[in-house]
Structure formats: C-alpha cells, structure tokens
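Q: Sharing input.txt below, compact mmCIF, C-alpha atoms and all ligand atoms:
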# COMPACT_ATOMS: atom_id res chain seq x y z
CA MET A 1055 1.58 22.87 -28.16
CA GLN A 1056 0.86 22.42 -24.46
CA THR A 1057 2.50 24.85 -22.10
CA ALA A 1058 4.00 23.86 -18.76
CA ASP A 1059 1.35 23.81 -16.07
CA ALA A 1060 2.50 24.77 -12.60
CA ARG A 1061 -0.25 22.53 -11.26
CA ARG A 1062 0.70 18.89 -11.08
CA ALA A 1063 -1.50 16.65 -13.19
CA PHE A 1064 -2.16 12.93 -12.97
CA ALA A 1065 -1.24 11.86 -16.51
CA SER A 1066 2.00 10.06 -15.73
CA ASP A 1067 4.71 9.81 -13.15
CA ASN A 1068 7.13 10.83 -15.89
CA ASN A 1069 5.39 14.20 -16.17
CA ALA A 1070 7.04 15.13 -12.88
CA GLY A 1071 10.30 16.99 -12.82
CA VAL A 1072 13.58 15.92 -11.26
CA HIS A 1073 14.01 15.46 -7.53
CA PRO A 1074 16.16 18.34 -6.19
CA ALA A 1075 18.71 15.94 -4.66
CA VAL A 1076 19.14 14.28 -8.04
CA LEU A 1077 19.49 17.58 -9.84
CA ALA A 1078 22.11 18.62 -7.28
CA ALA A 1079 23.97 15.35 -7.84
CA ILE A 1080 24.15 16.06 -11.57
CA ALA A 1081 25.62 19.49 -10.84
CA ASP A 1082 28.07 18.01 -8.33
CA ALA A 1083 29.19 15.44 -10.88
CA ASN A 1084 29.98 18.22 -13.31
CA ALA A 1085 33.55 18.69 -12.15
CA GLY A 1086 36.72 17.73 -13.93
CA HIS A 1087 37.22 14.89 -16.36
CA VAL A 1088 36.48 11.21 -15.81
CA ALA A 1089 36.66 8.31 -18.23
CA GLY A 1090 33.63 7.78 -20.45
CA TYR A 1091 31.33 4.79 -20.96
CA GLY A 1092 31.09 3.78 -17.32
CA ASP A 1093 34.72 3.37 -16.41
CA ASP A 1094 34.40 6.02 -13.72
CA PRO A 1095 34.00 6.24 -9.93
CA TYR A 1096 30.34 7.36 -10.13
CA THR A 1097 29.35 4.23 -12.02
CA GLU A 1098 31.38 2.10 -9.64
CA ARG A 1099 29.61 3.60 -6.63
CA ALA A 1100 26.12 3.43 -8.17
CA THR A 1101 26.74 -0.21 -9.12
CA ALA A 1102 27.83 -0.94 -5.57
CA ALA A 1103 24.68 0.77 -4.25
CA ILE A 1104 22.47 -1.50 -6.38
CA ARG A 1105 24.49 -4.54 -5.31
CA ARG A 1106 23.88 -3.63 -1.69
CA LEU A 1107 20.15 -3.96 -2.41
CA VAL A 1108 20.24 -7.03 -4.60
CA GLY A 1109 23.39 -8.97 -3.70
CA ASP A 1110 27.04 -9.08 -4.66
CA ASP A 1111 26.36 -11.32 -7.67
CA ALA A 1112 24.27 -8.66 -9.39
CA GLN A 1113 25.48 -7.48 -12.80
CA VAL A 1114 24.46 -3.86 -13.36
CA PHE A 1115 24.26 -1.99 -16.67
CA PHE A 1116 22.97 1.57 -16.80
CA ALA A 1117 20.84 2.65 -19.73
CA PHE A 1118 19.04 5.74 -20.99
CA ASN A 1119 15.39 4.72 -20.90
CA GLY A 1120 12.91 2.03 -20.00
CA THR A 1121 12.17 0.85 -23.50
CA GLY A 1122 15.85 0.42 -24.27
CA ALA A 1123 16.54 -1.29 -20.95
CA ASN A 1124 13.76 -3.84 -21.54
CA VAL A 1125 14.75 -4.48 -25.12
CA ILE A 1126 18.48 -4.96 -24.57
CA ALA A 1127 17.91 -7.19 -21.53
CA LEU A 1128 15.68 -9.53 -23.54
CA ALA A 1129 17.57 -9.26 -26.81
CA ALA A 1130 20.74 -10.40 -25.06
CA ALA A 1131 18.97 -13.57 -23.96
CA LEU A 1132 16.93 -14.50 -27.02
CA ARG A 1133 17.55 -15.93 -30.47
CA PRO A 1134 15.20 -14.92 -33.30
CA HIS A 1135 13.27 -18.22 -33.25
CA GLN A 1136 12.42 -17.70 -29.60
CA ALA A 1137 9.63 -15.85 -27.84
CA VAL A 1138 8.74 -13.97 -24.68
CA ILE A 1139 5.48 -14.73 -22.89
CA CYS A 1140 4.00 -11.53 -21.47
CA PRO A 1141 0.67 -10.02 -20.45
CA GLN A 1142 -1.37 -8.60 -23.30
CA PHE A 1143 -1.00 -5.01 -22.14
CA ALA A 1144 2.69 -5.25 -21.23
CA HIS A 1145 4.43 -1.98 -21.99
CA LEU A 1146 6.88 -4.08 -23.98
CA ASN A 1147 3.99 -5.25 -26.15
CA VAL A 1148 1.82 -2.21 -26.63
CA ASP A 1149 3.85 0.89 -25.79
CA GLU A 1150 7.31 0.36 -27.16
CA GLY A 1151 6.55 0.86 -30.83
CA GLY A 1152 7.64 -2.63 -31.84
CA ALA A 1153 11.16 -1.90 -30.56
CA PHE A 1154 11.54 -5.41 -29.18
CA GLU A 1155 10.37 -7.05 -32.40
CA ARG A 1156 12.64 -4.87 -34.51
CA PHE A 1157 15.72 -5.09 -32.35
CA ALA A 1158 15.50 -8.65 -31.00
CA GLY A 1159 13.83 -9.97 -34.16
CA ALA A 1160 11.90 -12.36 -31.93
CA LYS A 1161 8.25 -12.82 -31.03
CA LEU A 1162 6.11 -11.70 -28.12
CA ILE A 1163 3.41 -14.12 -27.05
CA ASP A 1164 0.94 -11.80 -25.37
CA VAL A 1165 -1.73 -13.41 -23.25
CA PRO A 1166 -4.89 -11.97 -21.69
CA VAL A 1167 -4.52 -11.68 -17.93
CA HIS A 1168 -6.58 -10.63 -14.90
CA HIS A 1169 -5.53 -7.76 -12.64
CA GLY A 1170 -2.57 -7.13 -14.97
CA LYS A 1171 -0.80 -10.26 -13.69
CA LEU A 1172 0.63 -13.23 -15.54
CA THR A 1173 0.12 -16.54 -13.73
CA PRO A 1174 1.96 -19.87 -13.89
CA ASP A 1175 -1.10 -21.34 -15.66
CA ASP A 1176 -0.87 -18.66 -18.34
CA VAL A 1177 2.74 -19.70 -18.87
CA GLU A 1178 1.99 -23.43 -18.87
CA ARG A 1179 -0.67 -22.94 -21.57
CA GLN A 1180 1.99 -21.53 -23.90
CA MET A 1181 4.45 -24.36 -23.38
CA HIS A 1182 3.61 -26.39 -26.45
CA GLY A 1183 5.32 -27.08 -29.73
CA ILE A 1184 8.62 -27.34 -27.89
CA GLY A 1185 11.28 -28.68 -30.23
CA ASP A 1186 9.00 -28.20 -33.26
CA PRO A 1187 10.77 -25.97 -35.78
CA HIS A 1188 7.37 -24.82 -37.09
CA HIS A 1189 6.59 -23.34 -33.70
CA VAL A 1190 8.23 -20.38 -32.05
CA GLN A 1191 10.06 -21.49 -28.90
CA PRO A 1192 9.17 -19.74 -25.64
CA ALA A 1193 12.43 -18.71 -23.95
CA ALA A 1194 11.41 -16.03 -21.48
CA ILE A 1195 8.59 -14.58 -19.47
CA SER A 1196 8.29 -10.86 -18.93
CA ILE A 1197 6.12 -9.14 -16.36
CA SER A 1198 5.93 -5.59 -15.05
CA GLN A 1199 6.25 -4.91 -11.33
CA SER A 1200 4.27 -2.86 -10.51
CA THR A 1201 1.92 -3.83 -13.31
CA GLU A 1202 0.54 -1.63 -16.07
CA VAL A 1203 -2.73 -1.35 -14.11
CA GLY A 1204 -1.21 -0.36 -10.78
CA THR A 1205 -1.36 -3.76 -9.12
CA VAL A 1206 1.64 -5.39 -7.46
CA TYR A 1207 2.59 -9.05 -7.63
CA ALA A 1208 2.89 -10.52 -4.14
CA ILE A 1209 6.21 -12.20 -3.37
CA SER A 1210 4.45 -15.58 -3.44
CA GLU A 1211 3.09 -14.82 -6.93
CA LEU A 1212 6.59 -13.92 -8.11
CA GLY A 1213 7.97 -17.08 -6.53
CA ALA A 1214 5.39 -19.18 -8.37
CA LEU A 1215 6.37 -17.54 -11.66
CA GLY A 1216 10.02 -18.14 -10.82
CA ASP A 1217 9.25 -21.81 -10.29
CA VAL A 1218 7.48 -22.19 -13.62
CA ALA A 1219 10.26 -20.29 -15.39
CA ARG A 1220 12.87 -22.59 -13.86
CA LYS A 1221 10.80 -25.69 -14.69
CA HIS A 1222 10.81 -24.78 -18.39
CA GLY A 1223 14.23 -23.12 -18.57
CA LEU A 1224 12.71 -19.69 -19.29
CA LEU A 1225 14.46 -16.42 -18.52
CA PHE A 1226 12.43 -14.48 -15.94
CA HIS A 1227 12.44 -10.78 -16.86
CA VAL A 1228 10.82 -8.03 -14.84
CA ASP A 1229 10.10 -4.62 -16.33
CA GLY A 1230 10.84 -2.50 -13.29
CA ALA A 1231 9.98 0.94 -14.61
CA ARG A 1232 8.09 1.21 -11.29
CA ILE A 1233 10.07 -1.30 -9.25
CA ALA A 1234 10.49 1.23 -6.45
CA ASN A 1235 6.73 1.63 -6.11
CA ALA A 1236 6.35 -2.12 -5.90
CA ALA A 1237 9.20 -2.40 -3.40
CA ALA A 1238 7.64 0.31 -1.25
CA ALA A 1239 4.34 -1.59 -1.34
CA LEU A 1240 6.02 -4.85 -0.32
CA GLY A 1241 8.26 -3.63 2.49
CA GLY A 1242 11.31 -2.43 0.59
CA ASP A 1243 13.31 -5.64 0.28
CA LEU A 1244 14.46 -6.01 -3.34
CA ARG A 1245 16.31 -9.20 -2.58
CA ALA A 1246 13.17 -10.90 -1.28
CA MET A 1247 11.12 -9.60 -4.19
CA LEU A 1248 13.52 -10.27 -7.05
CA VAL A 1249 16.38 -12.55 -6.09
CA GLU A 1250 14.76 -15.12 -3.84
CA THR A 1251 11.78 -15.45 -6.20
CA GLY A 1252 13.99 -16.50 -9.13
CA VAL A 1253 13.97 -13.36 -11.28
CA ASP A 1254 16.96 -13.48 -13.66
CA VAL A 1255 16.96 -9.90 -14.86
CA PHE A 1256 15.03 -6.76 -14.04
CA THR A 1257 15.11 -3.15 -15.03
CA PHE A 1258 15.55 -0.67 -12.21
CA GLY A 1259 13.48 2.34 -13.18
CA GLY A 1260 14.75 5.74 -12.20
CA THR A 1261 12.91 8.13 -14.50
CA LYS A 1262 9.50 7.65 -12.90
CA ASN A 1263 10.97 8.00 -9.43
CA GLY A 1264 12.74 11.33 -9.59
CA LEU A 1265 15.59 11.02 -12.09
CA LEU A 1266 16.07 13.28 -15.09
CA PHE A 1267 16.53 10.05 -17.01
CA GLY A 1268 18.14 6.70 -16.44
CA GLU A 1269 17.35 3.07 -15.84
CA ALA A 1270 19.52 0.09 -15.04
CA VAL A 1271 19.44 -3.46 -16.35
CA VAL A 1272 20.23 -5.72 -13.41
CA PHE A 1273 20.97 -9.42 -13.72
CA THR A 1274 20.44 -10.86 -10.27
CA ARG A 1275 23.18 -13.45 -10.74
CA PRO A 1276 25.71 -14.46 -13.41
CA HIS A 1277 23.85 -15.38 -16.59
CA PRO A 1278 25.10 -15.98 -20.15
CA ALA A 1279 23.00 -13.02 -21.33
CA ALA A 1280 24.78 -10.75 -18.85
CA ALA A 1281 28.06 -11.50 -20.60
CA LEU A 1282 26.52 -10.36 -23.91
CA LEU A 1283 24.78 -7.32 -22.48
CA PRO A 1284 27.70 -4.88 -22.96
CA PHE A 1285 27.69 -5.61 -26.69
CA VAL A 1286 23.91 -5.56 -27.04
CA ARG A 1287 23.71 -2.32 -25.06
CA LYS A 1288 26.20 -0.67 -27.41
CA GLN A 1289 24.44 -1.91 -30.54
CA GLY A 1290 21.17 -0.92 -28.94
CA MET A 1291 22.42 2.63 -28.52
CA GLN A 1292 21.87 2.55 -24.76
CA LEU A 1293 25.51 3.05 -23.78
CA ALA A 1294 25.98 6.58 -22.46
CA SER A 1295 29.39 8.04 -23.13
CA LYS A 1296 29.01 10.50 -20.23
CA MET A 1297 27.83 7.67 -18.01
CA ARG A 1298 28.79 9.50 -14.83
CA PHE A 1299 25.67 11.63 -15.15
CA VAL A 1300 23.35 8.61 -15.19
CA ALA A 1301 25.27 6.96 -12.36
CA ALA A 1302 25.41 10.10 -10.21
CA GLN A 1303 21.62 10.28 -10.39
CA PHE A 1304 21.28 6.69 -9.22
CA GLU A 1305 23.75 7.33 -6.43
CA ALA A 1306 21.61 10.20 -5.19
CA LEU A 1307 18.41 8.19 -5.54
CA LEU A 1308 19.79 5.20 -3.67
CA ALA A 1309 21.50 7.20 -0.94
CA ASP A 1310 19.61 7.27 2.34
CA GLY A 1311 16.63 5.43 0.87
CA LEU A 1312 15.42 8.31 -1.29
CA TRP A 1313 14.21 5.80 -3.91
CA LEU A 1314 11.87 4.19 -1.38
CA GLU A 1315 10.82 7.47 0.16
CA ASN A 1316 9.83 8.90 -3.25
CA ALA A 1317 7.96 5.75 -4.20
CA ALA A 1318 6.21 5.37 -0.86
CA HIS A 1319 5.05 8.97 -1.10
CA ALA A 1320 3.63 8.44 -4.60
CA ASN A 1321 1.88 5.28 -3.39
CA ARG A 1322 0.45 7.15 -0.42
CA MET A 1323 -0.95 9.85 -2.69
CA ALA A 1324 -2.59 7.17 -4.84
CA ARG A 1325 -4.20 5.63 -1.75
CA ARG A 1326 -5.38 9.07 -0.67
CA LEU A 1327 -7.00 9.60 -4.07
CA ALA A 1328 -8.60 6.16 -3.88
CA ALA A 1329 -9.98 6.97 -0.42
CA HIS A 1330 -11.61 10.12 -1.79
CA LEU A 1331 -13.05 8.17 -4.71
CA ALA A 1332 -14.65 5.67 -2.37
CA ARG A 1333 -16.88 8.52 -1.19
CA ILE A 1334 -17.88 9.67 -4.68
CA ARG A 1335 -20.95 7.99 -6.09
CA GLY A 1336 -20.69 7.02 -9.74
CA VAL A 1337 -16.99 6.12 -9.84
CA ARG A 1338 -15.53 2.70 -9.23
CA LEU A 1339 -11.95 1.46 -8.91
CA ALA A 1340 -11.20 -0.83 -11.84
CA TYR A 1341 -8.15 -2.37 -10.12
CA SER A 1342 -6.83 -2.44 -6.60
CA VAL A 1343 -4.56 0.47 -5.78
CA ASP A 1344 -1.36 -1.31 -4.77
CA ALA A 1345 1.20 1.23 -5.97
CA ASN A 1346 1.00 4.72 -7.49
CA GLY A 1347 -1.63 4.20 -10.19
CA VAL A 1348 -5.37 4.66 -9.78
CA PHE A 1349 -7.53 3.12 -12.51
CA VAL A 1350 -11.11 4.23 -12.30
CA GLN A 1351 -14.33 3.69 -14.17
CA VAL A 1352 -15.97 7.10 -14.45
CA PRO A 1353 -19.08 8.29 -16.29
CA ARG A 1354 -18.00 8.90 -19.87
CA ALA A 1355 -19.44 12.40 -19.90
CA ALA A 1356 -17.14 13.45 -17.06
CA ILE A 1357 -13.88 12.60 -18.78
CA ALA A 1358 -13.50 15.46 -21.25
CA PRO A 1359 -14.50 18.19 -18.76
CA LEU A 1360 -11.98 16.81 -16.23
CA GLN A 1361 -9.26 16.75 -18.86
CA VAL A 1362 -9.68 20.45 -19.50
CA SER A 1363 -7.99 21.34 -16.24
CA ARG A 1364 -5.69 18.36 -15.75
CA ARG A 1365 -4.12 16.11 -18.33
CA PHE A 1366 -4.65 12.34 -17.96
CA TYR A 1367 -5.12 9.33 -20.17
CA VAL A 1368 -8.11 7.15 -20.88
CA TRP A 1369 -6.94 3.58 -20.25
CA ASP A 1370 -9.91 1.68 -21.66
CA ASP A 1371 -12.22 3.71 -23.83
CA GLU A 1372 -14.87 1.03 -24.14
CA ALA A 1373 -15.13 0.49 -20.39
CA SER A 1374 -14.70 4.22 -19.66
CA VAL A 1375 -11.70 3.54 -17.42
CA VAL A 1376 -9.16 6.30 -16.88
CA ARG A 1377 -5.64 6.17 -15.46
CA TRP A 1378 -4.51 8.59 -12.78
CA MET A 1379 -0.85 8.38 -11.75
CA CYS A 1380 0.75 9.92 -8.69
CA SER A 1381 4.41 10.85 -8.50
CA PHE A 1382 7.06 11.69 -5.94
CA ASP A 1383 6.06 15.34 -6.02
CA THR A 1384 2.26 14.95 -5.93
CA THR A 1385 0.99 16.78 -2.86
CA GLU A 1386 -1.99 16.13 -0.62
CA ASP A 1387 -3.48 19.38 -1.88
CA ASP A 1388 -3.10 18.20 -5.49
CA VAL A 1389 -5.00 15.06 -4.62
CA ASP A 1390 -7.68 16.78 -2.57
CA ASP A 1391 -8.29 19.45 -5.24
CA PHE A 1392 -8.48 16.84 -7.96
CA ALA A 1393 -10.88 14.70 -5.95
CA ALA A 1394 -13.09 17.74 -5.39
CA ALA A 1395 -13.06 18.42 -9.13
CA ILE A 1396 -14.01 14.81 -9.84
CA ASP A 1397 -16.81 15.02 -7.35
CA ARG A 1398 -18.13 18.23 -8.97
CA GLU A 1399 -18.17 16.63 -12.44
CA VAL A 1400 -19.46 13.21 -11.50
CA ARG A 1401 -22.09 13.94 -8.88
CA PRO A 1402 -24.66 15.54 -11.23
CA LEU A 1403 -24.22 12.63 -13.67
CA SER A 1404 -24.89 9.88 -11.17
CA ARG A 1405 -28.18 11.03 -9.65
C1 LIG A 1501 5.84 -0.31 -17.35
C2 LIG A 1501 6.73 0.54 -18.20
N1 LIG A 1501 7.82 -0.01 -18.76
C3 LIG A 1501 8.66 0.68 -19.52
C4 LIG A 1501 8.44 2.02 -19.79
C5 LIG A 1501 9.35 2.68 -20.79
O1 LIG A 1501 10.02 3.77 -20.37
P1 LIG A 1501 10.60 4.85 -21.39
O2 LIG A 1501 9.47 5.74 -21.75
O3 LIG A 1501 11.67 5.48 -20.58
O4 LIG A 1501 11.14 4.14 -22.59
C6 LIG A 1501 7.33 2.67 -19.24
C7 LIG A 1501 7.08 4.08 -19.50
O5 LIG A 1501 5.99 4.59 -19.50
C8 LIG A 1501 6.45 1.90 -18.44
O6 LIG A 1501 5.35 2.44 -17.90
With the file now loaded, output its structure as structure tokens.

A:
Amino acid sequence: MQTADARRAFASDNNAGVHPAVLAAIADANAGHVAGYGDDPYTERATAAIRRLVGDDAQVFFAFNGTGANVIALAAALRPHQAVICPQFAHLNVDEGGAFERFAGAKLIDVPVHHGKLTPDDVERQMHGIGDPHHVQPAAISISQSTEVGTVYAISELGALGDVARKHGLLFHVDGARIANAAAALGGDLRAMLVETGVDVFTFGGTKNGLLFGEAVVFTRPHPAAALLPFVRKQGMQLASKMRFVAAQFEALLADGLWLENAAHANRMARRLAAHLARIRGVRLAYSVDANGVFVQVPRAAIAPLQVSRRFYVWDDEASVVRWMCSFDTTEDDVDDFAAAIDREVRPLSR
C-alpha cells in the first residue's frame, strides 16, 4: 500500500486534499438539524450561486461524483435504443467502468479525434441510419471541457458543436469535471462558454478543484430530461441524504471566485511546467497546455526512474506519452523541483 507523501505529485488533480476554506465550510455546516435530500438552506444558496454564473433558468442537481453526474445526466435524456457520440478517449467511454452502458442501457459511439476535441464533422459522419430500427439512434453528443488531454475547446468550437447538435436534435452534454480550469482559460464566463454556445447540460466538477467530494449536474435551461433527473439521480444512487455538506462545499468554492482562483492557479502551474520542459532536450509536448494537464512525450527509459519519486500515469504507452496534472495546491517549488528531476533523468538519454 502506498503511504501519504507530503510532497505533491503530478498524478491527478484529485490526489490533492481539500481547500481549507471548503473544509471550514463543512465544519461550519455541522450545526443543528436541517432537512435531508436537498431541502435545506445550504442547497438553496449553492443552487443560487450556480444560477448567478449560468442564468436563472439553470436547473441544478448536486451529486457525489463525476461518473455518477455524467451517467445520470445522460441516462435521464436517453432511451435504450439511442446513443451518445463522444471522443474515443472520453472519460465516459474509457474510465467509468461501463457505468453508462449498465445504467443507461444505451450505446456510446466513440470516434477518434484530434487534440481531444470532437468536431461538427465527426458528429455529421455519425448521423446515418436515422429512423432505421436496425441502427442505434444518435441522441446526444458528449464532450469534456477541458478535454482528457488538457486542451480546451474555444467558445467558437463549442458554438459550432451547439449548432450541429441543434440541427440534429441532439442533447449537448459537457463533462465538466474540469470546467473551472476551462473557464479560467477562457476568461471565466460560464454563460458565454456553456449557455450561449447551446450546451443543454453540463457537470460542474468540484472534486478536482478543491472539494472533498461533490459535483453538480446543471441543465442550462428547462429540458424534459431535467424533469426526470430527480428520479434518475435517486435510482442512480447519487442523491445525498445529508446534502447540506455537498452544498456547503460548493457555496465556499463559489464564494468570492475561489473556484476560478483555484483553477487559474492550477493552470498557471501547468504552464510553468511546460515552460521548463521547453528548455529540456528530449521531451516534447504532445498536446497544447490549455488548462492544468501537461501531456509529454518523454524517453521511455526515463519514465520508471521518475515514477520512483513522484507518482504519475503513462497516458499512451506506445507513444511514450505521460500525463502530469497540476492542482490548486501545486506550488512553484513543486514544479521547479519536478522539472529539475526530469532534466536530470532525460538529459543523459538525449545526447
Ligand atoms: C474528465 C473526467 N470526467 C469525469 C471524471 C469522473 O470523476 P469521478 O472519479 O469523481 O467519478 C473524471 C475523473 O477523473 C474525469 O477526469
């Protein structure tokens, strides 16, 4: 079993702890009795805080985790003969253990993409066999913002996906496990990023941005699936009875822009790491560093020695690409020390 390492590693932004303001909010919420299941003032205030960012029409449902939030959002919108078009390496497709397939009983149409991004052409290519009962019927698109490879869809790219979704009557779902990182990269305006571009439903990730746990499913406007969500959330075991403790965390995260501050810091640390890497011969960025993930092709022989001191994942074994994630608590010293360690391992291999 691994022991806790006081040094911060680069394996995942969910390896970080809880932001002190969030932890304090949990303690503060631990007073007296309030109604369970979300009928409480904390949930009301946290919902209002999300509506202030997204608009008064937003329908907000708090959930325990990112997998559950994705699955219930899509399951509420889909029938079993329908399908979701998504990038091949969507978390929904490769990292959720088949939860969507089991729970929604529907199909994922996963398509190869460049830079982690689905395009309108990718969607158009899947729009065939419509009305044919032998063919699964596409009913939604799902993307991650930021993407699984640390890139961020520009607002124009989201708008183009919104247009193609509307053209074909597809639900537009955004996995926002790292929505704050994307928002920080794009200027912080969730409405411009998610409402004006035609997104129907997104998940608002908290866990990777300083919460102990907690995500929200947010419909940007009234939608038939939003009316079903309370039932699907309950059946999907994502309804917290002590909801106040999820909501209180969101309240703390959304107060005074902490969500953006945390995310912008993580993004800045990723850019700092990328800047160091640009000076190290023998390593190459595999994707542009738009948010808090740094994907790097490194000499294969350097990977295991680097992993001895700091945990991280290999993203693409064949291409020798590793994934280094920064979080809200990554420090400049963490980054500088890690970059020095990379330099020490890689330099002798790239002469
Ligand atoms: C893009 C993305 N979506 C969803 C999730 C799922 O989150 P959870 O582990 O809370 O189920 C993750 C977690 O790594 C993720 O990276």

Q: Pick out the residues no farther than 7 Å from ligand LIG 1501 (chain A), counting all atoms listed in the file, and list them as a list in words.

A: Asn1119, Gly1120, Thr1121, Gly1122, His1145, Leu1146, Ser1198, Thr1201, Glu1202, Asp1229, Gly1230, Ala1231, Arg1232 and Thr1261 of chain A

Q: Set out as CSV a contact list for segment 1219-1266 of chain A and segment 1284-1307 of chain A with a cut-off of 10 Å, giving each residue of segment 1219-1266 of chain A that qualifies its closest atom pair and distance in Å to one decimal, counting only C-alpha atoms, ordered by chain and rising residue number.

A:
residue,atom,partner,partner_atom,distance
A:Phe1258,CA,A:Phe1304,CA,9.8
A:Gly1259,CA,A:Phe1304,CA,9.8
A:Gly1260,CA,A:Phe1304,CA,7.2
A:Thr1261,CA,A:Gln1303,CA,9.9
A:Asn1263,CA,A:Leu1307,CA,8.4
A:Gly1264,CA,A:Leu1307,CA,7.6
A:Leu1265,CA,A:Gln1303,CA,6.3
A:Leu1266,CA,A:Gln1303,CA,7.9

Q: With distances taken over only C-alpha atoms, which of A:Gln1351, A:Thr1257, A:Asn1321, A:Gln1191 is nearest to Leu1240 of chain A?

A: A:Asn1321

Q: Nearest residue to Asp1387 of chain A out of A:Leu1283, A:Val1272, A:Met1323, A:Val1177, using only C-alpha atoms?

A: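 Distance minimum relative to Asp1387 of chain A lands on A:Met1323.
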
Q: For a test of reading the model, state the distance in Å between atom CA of Phe1267 of chain A and atom CA of Val1203 of chain A, rounded to one decimal.

A: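 Result for atom CA of Phe1267 of chain A versus atom CA of Val1203 of chain A: 22.6 Å, one decimal.
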
Q: Just the number, please: distance in Å from atom CA of Gly1213 of chain A to atom CA of Asp1254 of chain A, one decimal.

A: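 Rounded to one decimal, the two atoms are 12.0 Å apart.
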
Q: Pick out the closest residue to Ile1209 of chain A from this set: A:Ile1396, A:Leu1403, A:Val1108, A:Leu1244. Count all atoms listed in the file.

A: A:Leu1244

Q: From the set A:Ala1112, A:Ala1393, A:Val1125, A:Ala1083, which residue has the shortest atom-to-atom contact distance to Pro1095 of chain A, counting only C-alpha atoms?

A: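 Of all the options, A:Ala1083 lies closest to Pro1095 of chain A.
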
Q: Would you mind reading off the distance between atom CA of Arg1133 of chain A and atom CA of Tyr1091 of chain A, one decimal, in Å?

A: 26.6 Å

Q: Which residues are close to Gly1204 of chain A, i.e. within 8 Å by all atoms listed in the file, leaving aside same-chain residues fewer than 5 positions away? Reply as a PyMOL selection string.

A: chain A and resi 1341-1349

Q: Using all atoms listed in the file, which residues sit within 10 Å of Lys1171 of chain A once same-chain residues fewer than 6 positions away are excluded, as an NGL selection string?

A: :A and (1140-1144 or 1197-1203 or 1205-1207 or 1211-1212)

Q: Grab the residues selected above and save them as an mmCIF file, in the frame of the given file with C-alpha atoms.

A:
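And here's out07.cif as it stands now:
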data_model
loop_
_atom_site.group_PDB
_atom_site.id
_atom_site.type_symbol
_atom_site.label_atom_id
_atom_site.label_comp_id
_atom_site.auth_asym_id
_atom_site.auth_seq_id
_atom_site.Cartn_x
_atom_site.Cartn_y
_atom_site.Cartn_z
ATOM 1 C CA CYS A 1140 4.000 -11.530 -21.470
ATOM 2 C CA PRO A 1141 0.670 -10.020 -20.450
ATOM 3 C CA GLN A 1142 -1.370 -8.600 -23.300
ATOM 4 C CA PHE A 1143 -1.000 -5.010 -22.140
ATOM 5 C CA ALA A 1144 2.690 -5.250 -21.230
ATOM 6 C CA ILE A 1197 6.120 -9.140 -16.360
ATOM 7 C CA SER A 1198 5.930 -5.590 -15.050
ATOM 8 C CA GLN A 1199 6.250 -4.910 -11.330
ATOM 9 C CA SER A 1200 4.270 -2.860 -10.510
ATOM 10 C CA THR A 1201 1.920 -3.830 -13.310
ATOM 11 C CA GLU A 1202 0.540 -1.630 -16.070
ATOM 12 C CA VAL A 1203 -2.730 -1.350 -14.110
ATOM 13 C CA THR A 1205 -1.360 -3.760 -9.120
ATOM 14 C CA VAL A 1206 1.640 -5.390 -7.460
ATOM 15 C CA TYR A 1207 2.590 -9.050 -7.630
ATOM 16 C CA GLU A 1211 3.090 -14.820 -6.930
ATOM 17 C CA LEU A 1212 6.590 -13.920 -8.110
#

Q: For a cutoff of 12 Å around the file-coordinate point (16.6, -12.9, -21.2), which residues qualify once you count all atoms listed in the file? I'd like the result as a PyMOL selection string.

A: chain A and resi 1123-1133+1136-1139+1158+1160+1192-1196+1219+1223-1229+1253-1257+1271-1274+1277-1283+1286

Q: So that I can see what lies close to segment 1375-1381 of chain A, please list as a list in words the residues with an atom at most 6 Å from it, counting only C-alpha atoms and leaving out residues fewer than 2 positions away in the same chain.

A: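 Contacts, in chain order: Phe1064, Ala1065, Ser1066, Asp1067, Ala1320, Ala1324, Asn1346, Gly1347, Val1348, Phe1349, Val1350, Gln1351, Tyr1367, Val1368, Trp1369, Asp1370, Ala1373, Asp1383 and Thr1384 of chain A.
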
Q: Select, from A:Phe1116, A:Val1167, A:Ala1085, A:Ala1234, the residue with the minimum atom-to-atom distance to Glu1098 of chain A, counting only C-alpha atoms.

A: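 Among the listed residues, A:Phe1116 lies closest to Glu1098 of chain A.
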
Q: Mind checking which residues fall within 8 Å of Val1218 of chain A, counting all atoms listed in the file, ignoring those fewer than 4 positions away in the same chain, and posting them as a list of chain:residue names?

A: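 Counting only the stated atoms, we get A:Pro1174, A:Val1177, A:Glu1178, A:Ala1214, A:His1222.
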